[in-house]
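Taking it in order: structure first as structure tokens, then the write-up.
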Amino acid sequence: MVICCCDGTFDGILTAVFEAWVIDVNTTEIAIGTEGNMVLFAEYKDVVTDTEKAARVARSIISKISHEAYETIYKASLSEDPERGNAILGFIRRGFSIGRGVVHDLANPSVLKVFELSRNTGREAHHYLGFLRFMKHEQFLLAKLEPKNDIMTLITDHFTDRLEQENFLIVDMRRAKAAVHRASSEYFITDVDLDFVKTIRAVQEEDEYRQLWEVFENTIAIEARVNLKLQKQNMPLRYRKYMDIRN
Amino acid sequence: MRITENMSIMEKLQILTDAAKYDVACTSSGTERNNNGQGIGNAMKSGICHSFSADGRCISLLKILFTNECVFDCRYCVNRSSNDVVRTSFTPEEVCSLTMEFYRRNYIEGLFLSSGILKNPTYTMGLILETVRTLREVHHFGGYIHVKGIPGAAPEVIEMIGWYVDRMSVNLELPTSEGLKELAPHKTRDTILTPMRQIQKGIAADKQEIQLYRGRTKQYVPAGQSTQMIVGATPENDYQIVSVAEALYQNYDLKRVFYSAFVNVNQDSSLPAPPGGPLMLREHRLYQADWLLRFYGFQAGELLTQDRPFFNVFLDPKCDWAIRHLEQFPVEINRAPLAVLLRVPGIGTTSARRIVQARKTARLGFDDLKKMGVVLKRALYFITCSGRMMFNTRIEEDYIVRNLVDTDRNISHRTGEGLTYKQLSFFDQGAFDELIPPQMQQQTLYGVVSGQI
């Protein structure tokens with residue numbers, strides 16, 4: 001058995017899928033990174049991310065399965081689960097076998113796993129569309145987040161459209177990545193160094209609108225119906241770190 | 001009535017938010033559009049929740065009153081003219097700045113603007129029109145706007161506002177005209193239903209126009225209409241409320257009906273003050289029934305009748321219906337049509353859809369159902385997979401009811417102290433007597449007591 005080790009990015013996983021196909025897809029697995037338990041009697045092969053190979057796999061997914069399957073695989077690849085490589089490989093095999101119906105074939109364990117990963121990532125991204133908070137800093141708007149999954153690409157389009165006329169910076173504090181948008185132009189995503197993250201962490205906002213918002217949030221609740229358990233269920237504590245408003 | 005001059009915007013915000021919170025409409029869903037190229041803002045079809053308040057409700061819009069001055073004197077309302085509270089107003093510019101700056105920081109999806117009645121309904125709606133027009137045309141705001149229609153306002157204003165907003169709603173307040181007459185004499189059925197009809201017609205006419213002219217930028221109330229009813233301020237029963245909701249959906253094309261458990265803010269002696277607080281369980285049952293009407297193909301008459309006009313305390317309306325129609329079960333998962341699957345307790349709209357799609361490629365078993373999100377604890381009494389039931393259960397009322405009630409743990413926190421769940425013996429009627437007063441008891445066919453709660 002061969003185990004291909006990739007770097008865990010979408011392109012990396014697709015490259016590993018390509019390699020696995022070349023070797024023998026039935027007995028190959030995909031692992032993320034070099035950590036984790038080593039398996040006895042398995043041969044480890046390092047896979048270097050190759051965008052050409054990844055693009056070929058992507059094209060064949062879109063044409064032989066469906067665009068929906070491609071999107072589902074993309075979202076699943078953004079999650080942090082170490083088994084995502086294998087699940088995606090199984091999904092693609094099933095998909096090449098039965099075609100576009102694969103996204104509904106939840107009886108298959110790989111398909112189910114990919115579906116669940118994609119859903120979790122999608123849900124977190126949707127939560128962040130609501131919970132992300134911008135603050136006015138110098139000439140632009142700044143937002144910070146610490147997501148479990150790598151959702152930067154899933155949320156930046158939305159804000160680029162919504163705040164098209166604004167300069168903004170969205171920083172993933174966990175992964176040291178930032179999305180940069182200049183007013184009325186395109187955005188790009190870049191890696192940043194840890195000093196930058198430290199500077200950003202120190203930025204606080206003292207703005208009258210933040211105080212006004214606190215007044216609003218605290219006043220809008222109906223006292224006779226207070227239910228902090230429900231509030232926590234709907235808005236888990238892990239999202240609240242950069243929302244600043246919690247008491 | 002105290003009117004204070006020179007109030008800061010923070011004080012105004014505090015007062016006018018506090019005055020708006022009993023209007024429970026909170027959605028920002030229903031429209032989809034991209035940035036208009038001139039100012040910030042777009043809209044997402046599903047709506048986005050930006051925060052949740054201490055009562056657990058979603059905060060999606062800046063929900064404020066334009067003014068809490070009011071010439072009406074509705075008995076249930078905290079802003080009624082006979083209350084001695086501090087009165088204040090925003091200016092249109094203040095509302096615009098709050099909306100734009102909150103939106104820019106991603107605190108909100110948009111604005112929810114209601115108002116007390118200053119001078120008269122038409123004058124007040126004129127102020128609201130001025131506000132939304134400024135927001136759209138001067139600030140080029142592209143986000144969501146929900147405006148409340150004031151009963152009795154002139155049709156011209158209603159017409160003009162509709163072009164600037166995403167949703168407009170007029171509150172029905174009370175399900176019957178008798179209730180309305182008693183508690184809100186300045187509002188009549190006519191003054192409420194007339195603008196609702198006008199908005200409905202405006203939306204329908206606009207939809208036809210869209211098909212003729214593509215690429216139009218303005219739409220009339222694209223996210224549709226909604227309304228709100230207060231539950232528990234007047235003695236209407238659940239059957240009446242659900243029938244009114246059904247009629248509204250069918251005859252006025254409403255998108256949503258909201259139910260608001262009555263909170264006795266005025267300590268008014270003519271209004272009920274239930275000891276356990278607002279009637280949360282009753283409101284919950286109404287929302288469950290509302291969903292059944294809209295997404296599960298039920299009719300009001302299937303859920304409740306004149307002879308049985310109150311919801312079951314212990315079972316949700318869907319389980320209740322299933323128990324009363326056991327002759328229609330069990331249902332075969334791999335064959336039954338979608339409409340039949342939707343009637344099984346424990347199978348929701350998403351699971352039903354997944355079942356129908358997945359069974360095209362594979363024969364489904366109970367494990368698969370669990371993975372798809374079916375609540376097997378409930379559903380197992382009503383379904384078969386390839387002809388077999390999950391366990392050898394009896395399809396028999398008492399047995400199933402006892403097990404179903406066991407699994408529904410949501411009851412306790414909604415009923416407060418007044419109602420505790422004890423191990424039930426369904427032949428022991430006396431067990432419930434001390435919990436529910438006799439004049440509100442009502443026997444059902446199988447002996448489970450339901451009553452006004």
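All residue names refer to the structure tokens as shown: chains lettered A, B, ... in order, residues numbered from 1 in each chain, ligands numbered from 1 in order.
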
Exercise for the section: Assign secondary structure with DSSP using the backbone only, and return the residues of segment 18-193 of chain A in strand (DSSP E) as a ChimeraX atom specification. Expected result: /A:28-32,43-46,134-137,140-145,168-172,177-181,187-191

Exercise for the section: Identify every residue of chain B that has at least one atom within 6 Å of any atom of chain A, counting only C-alpha atoms, and report the result as an MDAnalysis selection string. Expected result: chainID B and resid 18 21 35 40:42 48:50 52:56 105:106 357:358 368

Handout entry: Polymer residues at most 10 Å from Glu173 of chain B, only C-alpha atoms, same-chain spacing of 6 or more positions, as a list of chain:residue names
Key =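 Residues near the query, excluding close chain neighbours: B:Tyr76, B:Gly179, B:Leu180, B:Leu183, B:Ala184, B:Lys187, B:Arg189, B:Ile192, B:Thr227, B:Gln228, B:Met229, B:Ile230, B:Val231, B:Ala233, B:Phe258, B:Tyr259, B:Ser260.
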
Exercise for the section: Go through segment 38-103 of chain A and collect every residue that DSSP, computed from the backbone, puts in helix (DSSP H, G or I); the answer should be as a PyMOL selection string. Expected result: chain A and resi 51-64+67-77+84-103

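Residues in contact with segment 74-77 of chain A at 7 Å, where only C-alpha atoms are counted and same-chain residues fewer than 3 positions away are skipped, are listed as Thr9, Phe10, Tyr70, Glu71, Arg84, Val114, Leu117, Ser118, Thr121 and Gly122 of chain A.
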
Practice task
Would you mind listing what lies within 10 Å of Leu293 of chain B as a PyMOL selection string, with only C-alpha atoms counted and same-chain residues fewer than 4 positions away left out?
Solution key: chain B and resi 242+245-246+249+287-289+297-300+302-303

Could the residues in this selection be written to a file with N, CA and C atoms, as a PDB file, in the first residue's frame?
ATOM      1  N   VAL B 242     -54.797  29.700  14.103  1.00  0.00           N
ATOM      2  CA  VAL B 242     -54.223  28.990  12.954  1.00  0.00           C
ATOM      3  C   VAL B 242     -55.079  29.174  11.706  1.00  0.00           C
ATOM      4  N   ALA B 245     -54.244  32.506  10.264  1.00  0.00           N
ATOM      5  CA  ALA B 245     -52.944  32.453   9.587  1.00  0.00           C
ATOM      6  C   ALA B 245     -53.085  31.788   8.220  1.00  0.00           C
ATOM      7  N   GLU B 246     -53.829  30.674   8.166  1.00  0.00           N
ATOM      8  CA  GLU B 246     -54.003  29.979   6.893  1.00  0.00           C
ATOM      9  C   GLU B 246     -54.689  30.876   5.877  1.00  0.00           C
ATOM     10  N   TYR B 249     -52.245  33.425   4.526  1.00  0.00           N
ATOM     11  CA  TYR B 249     -51.299  32.891   3.546  1.00  0.00           C
ATOM     12  C   TYR B 249     -51.988  32.693   2.213  1.00  0.00           C
ATOM     13  N   TYR B 287     -45.897  28.221  16.138  1.00  0.00           N
ATOM     14  CA  TYR B 287     -44.867  28.224  15.102  1.00  0.00           C
ATOM     15  C   TYR B 287     -44.726  26.856  14.466  1.00  0.00           C
ATOM     16  N   GLN B 288     -44.844  25.795  15.284  1.00  0.00           N
ATOM     17  CA  GLN B 288     -44.773  24.448  14.712  1.00  0.00           C
ATOM     18  C   GLN B 288     -45.914  24.242  13.729  1.00  0.00           C
ATOM     19  N   ALA B 289     -47.123  24.661  14.122  1.00  0.00           N
ATOM     20  CA  ALA B 289     -48.274  24.510  13.226  1.00  0.00           C
ATOM     21  C   ALA B 289     -48.086  25.358  11.975  1.00  0.00           C
ATOM     22  N   GLY B 297     -47.512  20.706   3.849  1.00  0.00           N
ATOM     23  CA  GLY B 297     -48.759  20.404   3.149  1.00  0.00           C
ATOM     24  C   GLY B 297     -49.946  20.135   4.035  1.00  0.00           C
ATOM     25  N   PHE B 298     -49.920  20.591   5.270  1.00  0.00           N
ATOM     26  CA  PHE B 298     -51.079  20.384   6.140  1.00  0.00           C
ATOM     27  C   PHE B 298     -52.085  21.522   5.958  1.00  0.00           C
ATOM     28  N   GLN B 299     -53.337  21.214   6.313  1.00  0.00           N
ATOM     29  CA  GLN B 299     -54.348  22.275   6.374  1.00  0.00           C
ATOM     30  C   GLN B 299     -54.686  22.518   7.833  1.00  0.00           C
ATOM     31  N   ALA B 300     -55.156  23.723   8.128  1.00  0.00           N
ATOM     32  CA  ALA B 300     -55.490  24.055   9.515  1.00  0.00           C
ATOM     33  C   ALA B 300     -56.502  23.075  10.087  1.00  0.00           C
ATOM     34  N   GLU B 302     -56.866  20.014   9.568  1.00  0.00           N
ATOM     35  CA  GLU B 302     -56.326  18.699   9.927  1.00  0.00           C
ATOM     36  C   GLU B 302     -55.688  18.747  11.302  1.00  0.00           C
ATOM     37  N   LEU B 303     -55.178  19.901  11.682  1.00  0.00           N
ATOM     38  CA  LEU B 303     -54.457  19.986  12.944  1.00  0.00           C
ATOM     39  C   LEU B 303     -55.400  20.206  14.121  1.00  0.00           C
TER      40      LEU B 303
END

Problem - Spatial neighbours of segment 171-174 of chain A, 10 Å, only C-alpha atoms, chain gap at least 4 places, as a PyMOL selection string - result: chain A and resi 142-152+178-180+189-192+194+196-198+200-201

Exercise for the section: Figure out the distance between atom CA of Asp81 of chain A and atom CA of Val17 of chain A, please, to one decimal in Å. Expected result: 16.8 Å

Practice task
For segment 320-329 of chain B, please output as a ChimeraX atom specification all residues within 12 Å (counting only C-alpha atoms; exclusion window: fewer than 2 positions along the same chain).
Solution key: /B:285,288-289,292,298-305,308,310-318,331-333,336,340-346,378-384,389,394-405,444-448,450
